[in-house]
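Participant: Pasting target.txt below, which is compact mmCIF, C-alpha atoms and all ligand atoms.
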```
# COMPACT_ATOMS: atom_id res chain seq x y z
CA MET A 90 -68.90 92.61 -91.28
CA MET A 91 -69.72 88.96 -90.54
CA GLN A 92 -68.12 86.51 -92.87
CA ASN A 93 -70.42 84.19 -94.76
CA ASN A 94 -69.02 80.76 -93.89
CA TYR A 95 -71.37 79.05 -96.27
CA ALA A 96 -70.32 80.94 -99.42
CA THR A 97 -70.08 78.76 -102.52
CA PRO A 98 -66.90 78.89 -104.60
CA GLN A 99 -66.74 81.53 -107.33
CA ALA A 100 -67.90 80.38 -110.73
CA GLY A 101 -65.01 79.16 -112.76
CA SER A 102 -62.80 78.36 -109.75
CA SER A 103 -61.69 74.77 -109.59
CA MET A 104 -62.09 72.56 -106.51
CA ASP A 105 -59.97 69.58 -105.63
CA ASN A 106 -61.36 66.63 -103.66
CA SER A 107 -60.36 68.00 -100.26
CA ASP A 108 -62.11 71.33 -101.07
CA LYS A 109 -65.22 69.35 -101.99
CA GLN A 110 -65.06 67.40 -98.73
CA VAL A 111 -64.69 70.59 -96.71
CA LEU A 112 -67.59 72.16 -98.58
CA ALA A 113 -69.76 69.06 -98.08
CA LYS A 114 -69.02 69.17 -94.32
CA MET A 115 -69.88 72.88 -94.20
CA VAL A 116 -73.18 72.28 -96.01
CA ASP A 117 -73.94 69.36 -93.66
CA SER A 118 -73.26 71.39 -90.54
CA ALA A 119 -75.25 74.33 -91.95
CA SER A 120 -78.30 72.18 -92.56
CA ALA A 121 -77.89 70.53 -89.14
CA PHE A 122 -77.79 74.03 -87.63
CA HIS A 123 -80.97 75.03 -89.43
CA LYS A 124 -82.68 71.82 -88.39
CA VAL A 125 -81.92 72.56 -84.74
CA VAL A 126 -83.05 76.17 -85.03
CA ALA A 127 -86.22 75.26 -86.92
CA GLN A 128 -87.15 72.49 -84.51
CA PRO A 129 -90.25 73.46 -82.52
CA GLN A 130 -89.80 73.81 -78.79
CA THR A 131 -90.84 70.78 -76.76
CA SER A 132 -93.34 71.66 -74.08
CA VAL A 133 -93.90 68.27 -72.46
CA SER A 134 -91.77 65.19 -72.75
CA ILE A 135 -93.03 61.93 -71.30
CA LYS A 136 -90.09 59.58 -71.13
CA ASP A 137 -90.59 55.85 -70.63
CA VAL A 138 -93.25 56.44 -67.99
CA THR A 139 -94.77 53.51 -66.11
CA VAL A 140 -97.29 54.05 -63.31
CA SER A 141 -98.18 51.25 -60.89
CA PHE A 142 -100.52 51.50 -57.91
CA LYS A 143 -100.52 49.46 -54.73
CA THR A 144 -103.96 47.90 -54.37
CA PRO A 145 -105.34 45.39 -51.82
CA LYS A 146 -105.00 42.74 -54.54
CA GLY A 147 -101.37 43.62 -55.29
CA ILE A 148 -99.57 45.94 -57.66
CA TYR A 149 -101.67 47.25 -60.54
CA THR A 150 -99.79 48.73 -63.48
CA ALA A 151 -102.03 51.31 -65.14
CA VAL A 152 -99.75 52.59 -67.91
CA LYS A 153 -96.46 51.18 -69.11
CA SER A 154 -93.44 52.57 -70.97
CA ILE A 155 -95.15 55.65 -72.37
CA ASP A 156 -93.04 57.91 -74.56
CA LEU A 157 -94.58 61.10 -75.91
CA ASP A 158 -93.23 64.52 -76.88
CA ILE A 159 -95.63 67.43 -77.16
CA ARG A 160 -94.66 70.68 -78.88
CA LYS A 161 -95.21 74.15 -77.47
CA GLY A 162 -98.60 75.44 -78.61
CA GLU A 163 -99.76 72.02 -79.71
CA ILE A 164 -103.21 70.64 -78.85
CA VAL A 165 -103.09 66.91 -78.13
CA ALA A 166 -106.08 64.73 -77.28
CA LEU A 167 -105.74 61.49 -75.31
CA ILE A 168 -108.44 59.02 -76.20
CA GLY A 169 -109.11 55.44 -75.14
CA HIS A 170 -111.56 53.19 -73.38
CA SER A 171 -112.63 53.83 -69.82
CA GLY A 172 -109.95 52.82 -67.33
CA CYS A 173 -107.08 52.69 -69.86
CA GLY A 174 -105.06 55.23 -67.91
CA LYS A 175 -105.72 58.58 -69.60
CA SER A 176 -106.20 60.47 -66.33
CA THR A 177 -103.25 58.67 -64.79
CA LEU A 178 -101.03 59.84 -67.63
CA MET A 179 -102.39 63.40 -67.39
CA ASN A 180 -101.75 63.38 -63.67
CA THR A 181 -98.10 62.50 -64.22
CA ILE A 182 -97.90 65.76 -66.22
CA SER A 183 -99.80 67.77 -63.61
CA GLY A 184 -97.51 66.30 -60.94
CA MET A 185 -100.32 64.75 -58.92
CA VAL A 186 -99.17 61.20 -59.73
CA LYS A 187 -95.53 60.24 -59.54
CA PRO A 188 -94.31 57.80 -62.21
CA SER A 189 -93.08 54.48 -60.80
CA SER A 190 -90.36 54.67 -63.42
CA GLY A 191 -89.45 57.14 -66.13
CA GLU A 192 -89.95 60.88 -65.95
CA VAL A 193 -91.96 63.80 -67.26
CA ILE A 194 -90.24 67.00 -68.35
CA ALA A 195 -92.43 70.11 -68.56
CA ASN A 196 -90.95 73.36 -69.86
CA GLY A 197 -87.49 71.86 -69.58
CA LYS A 198 -87.85 70.87 -65.91
CA ARG A 199 -88.47 67.47 -64.38
CA VAL A 200 -91.98 67.32 -62.92
CA THR A 201 -91.86 66.57 -59.20
CA GLY A 202 -95.25 68.01 -58.21
CA PRO A 203 -97.95 70.46 -59.29
CA GLY A 204 -96.81 73.92 -60.43
CA PRO A 205 -98.31 77.15 -61.77
CA ASP A 206 -96.88 76.45 -65.23
CA ARG A 207 -99.51 73.69 -65.55
CA GLY A 208 -103.19 74.56 -65.12
CA ILE A 209 -105.74 71.80 -64.84
CA VAL A 210 -109.48 71.71 -65.54
CA PHE A 211 -111.52 68.69 -64.46
CA GLN A 212 -114.88 67.39 -65.63
CA ASN A 213 -116.55 68.29 -62.31
CA TYR A 214 -115.39 71.96 -62.49
CA SER A 215 -113.83 71.77 -58.99
CA LEU A 216 -115.05 75.27 -58.06
CA LEU A 217 -115.32 76.19 -54.41
CA PRO A 218 -119.11 76.28 -53.87
CA TRP A 219 -119.04 78.87 -51.05
CA LEU A 220 -117.10 81.44 -53.10
CA SER A 221 -118.57 83.70 -55.80
CA VAL A 222 -117.52 83.26 -59.42
CA TYR A 223 -115.24 86.29 -59.03
CA ARG A 224 -113.59 84.98 -55.85
CA ASN A 225 -113.07 81.51 -57.29
CA ILE A 226 -110.82 83.08 -59.89
CA TYR A 227 -109.37 85.78 -57.62
CA GLU A 228 -108.14 83.26 -55.02
CA ALA A 229 -106.28 81.29 -57.71
CA VAL A 230 -104.71 84.45 -59.13
CA ASP A 231 -103.83 85.68 -55.64
CA SER A 232 -102.01 82.46 -54.79
CA VAL A 233 -99.91 82.45 -57.97
CA MET A 234 -99.39 86.08 -59.08
CA LYS A 235 -97.53 87.35 -56.07
CA ASP A 236 -96.10 90.41 -57.81
CA MET A 237 -99.43 91.93 -58.83
CA SER A 238 -101.08 94.69 -56.79
CA SER A 239 -104.68 94.16 -55.60
CA ALA A 240 -105.96 96.53 -58.29
CA GLU A 241 -104.03 94.66 -60.99
CA LYS A 242 -105.38 91.33 -59.75
CA LYS A 243 -108.93 92.71 -59.81
CA ASP A 244 -108.45 93.93 -63.39
CA HIS A 245 -106.93 90.64 -64.41
CA VAL A 246 -109.79 88.60 -62.93
CA GLU A 247 -112.41 90.84 -64.54
CA GLN A 248 -110.69 90.61 -67.91
CA ASN A 249 -110.69 86.81 -67.71
CA LEU A 250 -114.37 86.80 -66.73
CA LYS A 251 -115.17 88.98 -69.75
CA MET A 252 -113.25 86.61 -71.99
CA VAL A 253 -115.62 83.78 -71.11
CA HIS A 254 -118.68 86.13 -71.13
CA LEU A 255 -119.36 85.75 -67.42
CA TYR A 256 -118.65 89.23 -66.12
CA GLU A 257 -122.35 89.88 -65.43
CA HIS A 258 -122.46 86.71 -63.32
CA LYS A 259 -119.38 87.48 -61.27
CA ASP A 260 -121.23 87.75 -57.94
CA LYS A 261 -123.13 84.49 -58.27
CA LEU A 262 -122.23 81.31 -56.44
CA PRO A 263 -121.31 78.24 -58.56
CA GLY A 264 -124.60 76.59 -57.49
CA GLN A 265 -126.49 79.36 -59.31
CA LEU A 266 -124.81 78.61 -62.65
CA SER A 267 -125.52 76.09 -65.41
CA GLY A 268 -123.00 73.32 -66.15
CA GLY A 269 -121.61 75.19 -69.17
CA MET A 270 -121.19 78.40 -67.16
CA LYS A 271 -119.41 76.53 -64.35
CA GLN A 272 -117.04 75.01 -66.86
CA ARG A 273 -116.37 78.47 -68.32
CA VAL A 274 -115.45 79.69 -64.82
CA ALA A 275 -113.09 76.72 -64.42
CA ILE A 276 -111.49 77.48 -67.78
CA ALA A 277 -111.23 81.22 -67.00
CA ARG A 278 -109.58 80.32 -63.69
CA ALA A 279 -107.08 78.06 -65.45
CA PHE A 280 -106.30 80.76 -68.05
CA ALA A 281 -106.07 83.49 -65.40
CA ILE A 282 -103.02 81.95 -63.79
CA ASN A 283 -101.54 81.95 -67.27
CA PRO A 284 -100.04 78.48 -67.34
CA SER A 285 -98.05 77.62 -70.44
CA ILE A 286 -99.54 74.13 -70.31
CA LEU A 287 -103.27 73.59 -69.94
CA LEU A 288 -104.41 70.12 -68.89
CA LEU A 289 -108.08 69.37 -69.53
CA ASP A 290 -109.39 66.11 -68.09
CA GLU A 291 -112.69 65.45 -69.85
CA PRO A 292 -113.61 69.09 -69.36
CA PHE A 293 -116.80 68.96 -71.42
CA GLY A 294 -117.86 65.40 -70.61
CA ALA A 295 -120.84 66.42 -68.51
CA LEU A 296 -122.22 69.03 -70.90
CA ASP A 297 -125.04 68.66 -73.42
CA ALA A 298 -124.05 68.52 -77.11
CA LEU A 299 -124.90 72.14 -77.88
CA THR A 300 -123.12 73.64 -74.87
CA LYS A 301 -120.17 71.34 -75.53
CA SER A 302 -119.97 72.56 -79.10
CA ASN A 303 -119.99 76.21 -77.98
CA MET A 304 -117.30 75.46 -75.40
CA HIS A 305 -115.04 73.99 -78.10
CA VAL A 306 -115.27 77.22 -80.07
CA GLU A 307 -114.73 79.31 -76.91
CA LEU A 308 -111.66 77.29 -75.98
CA LEU A 309 -110.09 77.74 -79.41
CA LYS A 310 -110.89 81.48 -79.27
CA LEU A 311 -108.98 81.74 -75.98
CA TRP A 312 -106.10 79.75 -77.45
CA ASN A 313 -106.06 82.08 -80.48
CA LEU A 314 -106.19 85.21 -78.31
CA ASP A 315 -103.07 83.92 -76.61
CA ASN A 316 -101.39 83.56 -80.04
CA ARG A 317 -101.69 79.78 -79.86
CA ASN A 318 -98.82 79.70 -77.41
CA LYS A 319 -100.43 77.51 -74.80
CA THR A 320 -99.95 73.79 -75.03
CA ILE A 321 -103.24 72.02 -74.45
CA ILE A 322 -103.46 68.36 -73.49
CA MET A 323 -106.94 66.98 -73.09
CA VAL A 324 -108.53 63.70 -72.16
CA THR A 325 -111.71 62.87 -74.02
CA HIS A 326 -113.96 60.00 -75.03
CA ASP A 327 -115.38 62.00 -77.90
CA ILE A 328 -113.87 61.42 -81.36
CA GLU A 329 -115.52 64.53 -82.90
CA GLU A 330 -114.22 66.70 -80.05
CA ALA A 331 -110.72 65.28 -80.46
CA ILE A 332 -110.63 65.92 -84.22
CA PHE A 333 -112.13 69.42 -84.00
CA LEU A 334 -109.68 70.57 -81.33
CA ALA A 335 -106.47 68.61 -81.66
CA ASP A 336 -103.36 68.61 -83.81
CA ARG A 337 -102.72 64.99 -82.82
CA VAL A 338 -104.85 62.31 -81.21
CA VAL A 339 -103.08 59.80 -79.00
CA VAL A 340 -105.04 56.53 -78.95
CA MET A 341 -104.35 54.31 -75.95
CA ASN A 342 -104.60 50.54 -75.67
CA ASN A 343 -106.72 49.03 -72.94
CA GLY A 344 -105.08 48.38 -69.60
CA PRO A 345 -103.66 46.94 -67.49
CA ALA A 346 -100.22 48.16 -68.47
CA ALA A 347 -101.75 50.33 -71.20
CA THR A 348 -99.47 51.61 -73.92
CA ILE A 349 -99.95 54.04 -76.80
CA LYS A 350 -101.72 52.20 -79.62
CA GLU A 351 -101.26 54.85 -82.29
CA ILE A 352 -100.83 58.58 -82.71
CA VAL A 353 -103.10 60.04 -85.40
CA ASP A 354 -102.24 63.41 -86.96
CA VAL A 355 -105.05 65.89 -87.60
CA PRO A 356 -103.64 68.14 -90.33
CA LEU A 357 -106.94 70.01 -90.84
CA GLU A 358 -106.44 73.72 -91.44
CA ARG A 359 -107.23 76.24 -88.70
CA PRO A 360 -109.43 78.05 -87.97
CA ARG A 361 -111.76 75.08 -88.19
CA ASN A 362 -115.45 75.53 -88.76
CA LYS A 363 -117.67 73.13 -86.81
CA LYS A 364 -120.35 72.90 -89.48
CA GLU A 365 -118.06 72.63 -92.49
CA ILE A 366 -115.34 70.42 -91.10
CA VAL A 367 -117.55 67.33 -90.91
CA HIS A 368 -117.94 67.35 -94.71
CA ASP A 369 -114.19 67.49 -95.29
CA PRO A 370 -113.00 64.14 -96.72
CA LEU A 371 -109.88 64.35 -94.54
CA TYR A 372 -112.06 64.74 -91.43
CA MET A 373 -114.06 61.68 -92.43
CA GLU A 374 -110.90 59.69 -93.05
CA ILE A 375 -109.50 60.59 -89.62
CA HIS A 376 -112.87 59.87 -88.00
CA ASP A 377 -112.99 56.40 -89.59
CA LYS A 378 -109.45 55.68 -88.56
CA LEU A 379 -110.08 56.64 -84.92
CA LEU A 380 -113.30 54.66 -84.86
CA SER A 381 -111.51 51.57 -86.17
CA LEU A 382 -108.77 52.00 -83.59
CA LEU A 383 -111.28 52.30 -80.77
CA LEU A 384 -113.92 49.79 -81.80
CA ASP A 385 -113.27 46.10 -82.21
CA LYS A 386 -116.86 45.36 -83.10
CA PHE A 387 -119.10 47.51 -85.30
CA SER A 388 -122.44 45.72 -85.03
CA ILE A 389 -124.11 42.90 -83.13
CA GLU A 390 -123.51 40.68 -86.16
CA ASP A 391 -119.79 40.95 -85.50
CA GLU A 392 -120.45 38.98 -82.32
CA VAL A 393 -121.55 35.93 -84.36
CA GLU A 394 -118.69 33.51 -84.98
N1 LIG B 401 -104.87 55.71 -56.99
C1 LIG B 401 -105.15 54.56 -57.61
N2 LIG B 401 -105.02 53.39 -56.96
C2 LIG B 401 -105.27 52.23 -57.60
N3 LIG B 401 -105.65 52.12 -58.89
C3 LIG B 401 -105.80 53.25 -59.58
C4 LIG B 401 -105.56 54.54 -58.98
N4 LIG B 401 -105.78 55.48 -59.92
C5 LIG B 401 -106.16 54.84 -61.04
N5 LIG B 401 -106.16 53.51 -60.83
C6 LIG B 401 -106.50 52.47 -61.83
O1 LIG B 401 -105.71 52.70 -62.98
C7 LIG B 401 -106.49 52.45 -64.15
C8 LIG B 401 -106.49 53.70 -65.02
O2 LIG B 401 -107.31 54.69 -64.39
P1 LIG B 401 -107.56 56.11 -65.06
O3 LIG B 401 -108.47 56.89 -64.18
O4 LIG B 401 -106.26 56.73 -65.41
O5 LIG B 401 -108.31 55.69 -66.41
P2 LIG B 401 -109.05 56.60 -67.47
O6 LIG B 401 -108.62 56.10 -68.81
O7 LIG B 401 -108.83 58.02 -67.19
O8 LIG B 401 -110.56 56.20 -67.17
P3 LIG B 401 -111.92 57.00 -67.48
O9 LIG B 401 -111.97 57.21 -68.96
O10 LIG B 401 -112.98 56.05 -67.03
O11 LIG B 401 -111.89 58.27 -66.70
C9 LIG B 401 -107.88 52.01 -63.69
O12 LIG B 401 -107.93 50.60 -63.69
C10 LIG B 401 -107.95 52.56 -62.27
O13 LIG B 401 -108.78 51.75 -61.47
```
Could you quickly redo this structure as structure tokens?
Facilitator:
Amino acid sequence: MMQNNYATPQAGSSMDNSDKQVLAKMVDSASAFHKVVAQPQTSVSIKDVTVSFKTPKGIYTAVKSIDLDIRKGEIVALIGHSGCGKSTLMNTISGMVKPSSGEVIANGKRVTGPGPDRGIVFQNYSLLPWLSVYRNIYEAVDSVMKDMSSAEKKDHVEQNLKMVHLYEHKDKLPGQLSGGMKQRVAIARAFAINPSILLLDEPFGALDALTKSNMHVELLKLWNLDNRNKTIIMVTHDIEEAIFLADRVVVMNNGPAATIKEIVDVPLERPRNKKEIVHDPLYMEIHDKLLSLLLDKFSIEDEVE
């Protein structure tokens, strides 16, 4: 039988000072052990990342000294004014932009380029216009899931199409779909390659408010179906979107050399209900906070000195 190293002394037994010290050390190391075990797994770690670009006018530093740890299964939204470096930061995680200094660790490995553990969805869908909906997803699966048979790949693609309610449209070309449908194909394609990290760069930016709202619910459904295991990092300009989806909102300062201004927690319970959440005082508080962080001026009167 395993000995219990953390047993307390029997009642009535006396302890001298050295016993007490030993016991205190044991309790300390036990709680340290539990802290380590209980610590959530880090999915992405951005360590002191600076990105500079060579431009005709000289070196332009987009983001500077960014430090950010993102837990496995966490949804994080990056928000900030246009040009502050949100996409640049995302692209250091996807591996499409190399940091000028610092490093990004994804799933315990240093990012040196794109990889199938990180799926990316852009605002402009990036579907291949000459391939059907089905083939757009199949080609991605085929290039990543080498061990699957053709029949398994077919099943897998069809299952992912059903998940986003597009099975009936599988033979259409992207040009025959609405914006929301195209974005669902792009999301199904990203999910189909089963990345543990999903990077969404303004995925719903081009959609009307109603479609966008439906897409938010669809995205969270997919995340739930996957037992909330996927880490989702998304760029957005939309405060409501960020609060509805995210566990934390990372607010960036304006560039050049943009840094993180503040990280705002969103401890609203899940599942979140679109209609009800907006009446939650905590939602309103977070909304106000984000608005204040993003807006320097609230009305034209603020312009008057
Ligand atoms: N390849 C590049 N070469 C030179 N400058 C670049 C390059 N990529 C980005 N930049 C500059 O870096 C800054 C940050 O760009 P980025 O696209 O990351 O901003 P963003 O916050 O995502 O903007 P938006 O919200 O408008 O999409 C901008 O000033 C942009 O012009």
Participant: Ligand LIG 401 (chain B): which residues are within 12 Å, counting all atoms listed in the file? Reply as an MDAnalysis selection string.
Facilitator: chainID A and resid 139:153 167:181 185:188 211:213 289:292 294 323:327 340:349
Participant: Would you mind reading off the distance between CA of Ser381 in chain A and CA of Asp354 in chain A, one decimal, in Å?
Facilitator: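 Computed distance, CA of Ser381 in chain A to CA of Asp354 in chain A, equals 15.1 Å.
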Participant: When you look at His245 in chain A with a cut-off of 10 Å (counting only C-alpha atoms), what residues show up, excluding the ones that are within fewer than 3 positions of it in the same chain? I need them as a list of chain:residue names.
Facilitator: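 Residues near the query, excluding close chain neighbours: A:Ile226, A:Tyr227, A:Val230, A:Met237, A:Ser239, A:Ala240, A:Glu241, A:Lys242, A:Gln248, A:Asn249, A:Leu250, A:Lys251, A:Ala281, A:Ile282.
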Participant: Write the residues of the preceding selection, restricted to C-alpha atoms, as a PDB file, in the frame of the given file.
Facilitator:
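So again-v4.pdb came out as:
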```pdb
ATOM      1  CA  ILE A 226    -110.820  83.080 -59.890  1.00  0.00           C
ATOM      2  CA  TYR A 227    -109.370  85.780 -57.620  1.00  0.00           C
ATOM      3  CA  VAL A 230    -104.710  84.450 -59.130  1.00  0.00           C
ATOM      4  CA  MET A 237     -99.430  91.930 -58.830  1.00  0.00           C
ATOM      5  CA  SER A 239    -104.680  94.160 -55.600  1.00  0.00           C
ATOM      6  CA  ALA A 240    -105.960  96.530 -58.290  1.00  0.00           C
ATOM      7  CA  GLU A 241    -104.030  94.660 -60.990  1.00  0.00           C
ATOM      8  CA  LYS A 242    -105.380  91.330 -59.750  1.00  0.00           C
ATOM      9  CA  GLN A 248    -110.690  90.610 -67.910  1.00  0.00           C
ATOM     10  CA  ASN A 249    -110.690  86.810 -67.710  1.00  0.00           C
ATOM     11  CA  LEU A 250    -114.370  86.800 -66.730  1.00  0.00           C
ATOM     12  CA  LYS A 251    -115.170  88.980 -69.750  1.00  0.00           C
ATOM     13  CA  ALA A 281    -106.070  83.490 -65.400  1.00  0.00           C
ATOM     14  CA  ILE A 282    -103.020  81.950 -63.790  1.00  0.00           C
TER      15      ILE A 282
END
```
Participant: I'd like the interatomic distance between CA of Ile182 in chain A and CA of Ile159 in chain A, to a tenth of an Å.
Facilitator: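 Interatomic distance here is 11.3 Å.
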Participant: Measure the distance from CA of Lys161 in chain A to CA of Leu287 in chain A in Å and round it to one decimal.
Facilitator: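 Rounded to one decimal, the two atoms are 11.0 Å apart.
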Participant: Complete the atom set of range 157-171 of chain A to N, CA and C atoms and return it as a PDB file, in the frame of the given file.
Facilitator:
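That gives us selection.pdb:
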```
ATOM      1  N   LEU A 157     -93.793  60.139 -75.121  1.00  0.00           N
ATOM      2  CA  LEU A 157     -94.580  61.100 -75.910  1.00  0.00           C
ATOM      3  C   LEU A 157     -93.968  62.491 -75.764  1.00  0.00           C
ATOM      4  N   ASP A 158     -93.700  63.125 -76.895  1.00  0.00           N
ATOM      5  CA  ASP A 158     -93.230  64.520 -76.880  1.00  0.00           C
ATOM      6  C   ASP A 158     -94.315  65.419 -77.426  1.00  0.00           C
ATOM      7  N   ILE A 159     -94.579  66.507 -76.731  1.00  0.00           N
ATOM      8  CA  ILE A 159     -95.630  67.430 -77.160  1.00  0.00           C
ATOM      9  C   ILE A 159     -95.006  68.811 -77.365  1.00  0.00           C
ATOM     10  N   ARG A 160     -95.272  69.386 -78.541  1.00  0.00           N
ATOM     11  CA  ARG A 160     -94.660  70.680 -78.880  1.00  0.00           C
ATOM     12  C   ARG A 160     -95.366  71.835 -78.196  1.00  0.00           C
ATOM     13  N   LYS A 161     -94.621  72.924 -78.024  1.00  0.00           N
ATOM     14  CA  LYS A 161     -95.210  74.150 -77.470  1.00  0.00           C
ATOM     15  C   LYS A 161     -96.321  74.630 -78.405  1.00  0.00           C
ATOM     16  N   GLY A 162     -97.479  74.930 -77.819  1.00  0.00           N
ATOM     17  CA  GLY A 162     -98.600  75.440 -78.610  1.00  0.00           C
ATOM     18  C   GLY A 162     -99.418  74.362 -79.293  1.00  0.00           C
ATOM     19  N   GLU A 163     -99.030  73.113 -79.061  1.00  0.00           N
ATOM     20  CA  GLU A 163     -99.760  72.020 -79.710  1.00  0.00           C
ATOM     21  C   GLU A 163    -100.994  71.639 -78.877  1.00  0.00           C
ATOM     22  N   ILE A 164    -102.045  71.183 -79.561  1.00  0.00           N
ATOM     23  CA  ILE A 164    -103.210  70.640 -78.850  1.00  0.00           C
ATOM     24  C   ILE A 164    -103.222  69.130 -79.111  1.00  0.00           C
ATOM     25  N   VAL A 165    -103.147  68.377 -78.023  1.00  0.00           N
ATOM     26  CA  VAL A 165    -103.090  66.910 -78.130  1.00  0.00           C
ATOM     27  C   VAL A 165    -104.266  66.330 -77.344  1.00  0.00           C
ATOM     28  N   ALA A 166    -104.975  65.402 -77.974  1.00  0.00           N
ATOM     29  CA  ALA A 166    -106.080  64.730 -77.280  1.00  0.00           C
ATOM     30  C   ALA A 166    -105.667  63.299 -76.944  1.00  0.00           C
ATOM     31  N   LEU A 167    -105.969  62.881 -75.713  1.00  0.00           N
ATOM     32  CA  LEU A 167    -105.740  61.490 -75.310  1.00  0.00           C
ATOM     33  C   LEU A 167    -107.085  60.791 -75.347  1.00  0.00           C
ATOM     34  N   ILE A 168    -107.164  59.702 -76.060  1.00  0.00           N
ATOM     35  CA  ILE A 168    -108.440  59.020 -76.200  1.00  0.00           C
ATOM     36  C   ILE A 168    -108.228  57.523 -75.964  1.00  0.00           C
ATOM     37  N   GLY A 169    -109.236  56.884 -75.418  1.00  0.00           N
ATOM     38  CA  GLY A 169    -109.110  55.440 -75.140  1.00  0.00           C
ATOM     39  C   GLY A 169    -110.262  55.001 -74.278  1.00  0.00           C
ATOM     40  N   HIS A 170    -110.417  53.700 -74.145  1.00  0.00           N
ATOM     41  CA  HIS A 170    -111.560  53.190 -73.380  1.00  0.00           C
ATOM     42  C   HIS A 170    -111.434  53.546 -71.910  1.00  0.00           C
ATOM     43  N   SER A 171    -112.588  53.501 -71.233  1.00  0.00           N
ATOM     44  CA  SER A 171    -112.630  53.830 -69.820  1.00  0.00           C
ATOM     45  C   SER A 171    -111.642  52.940 -69.044  1.00  0.00           C
TER      46      SER A 171
END
```
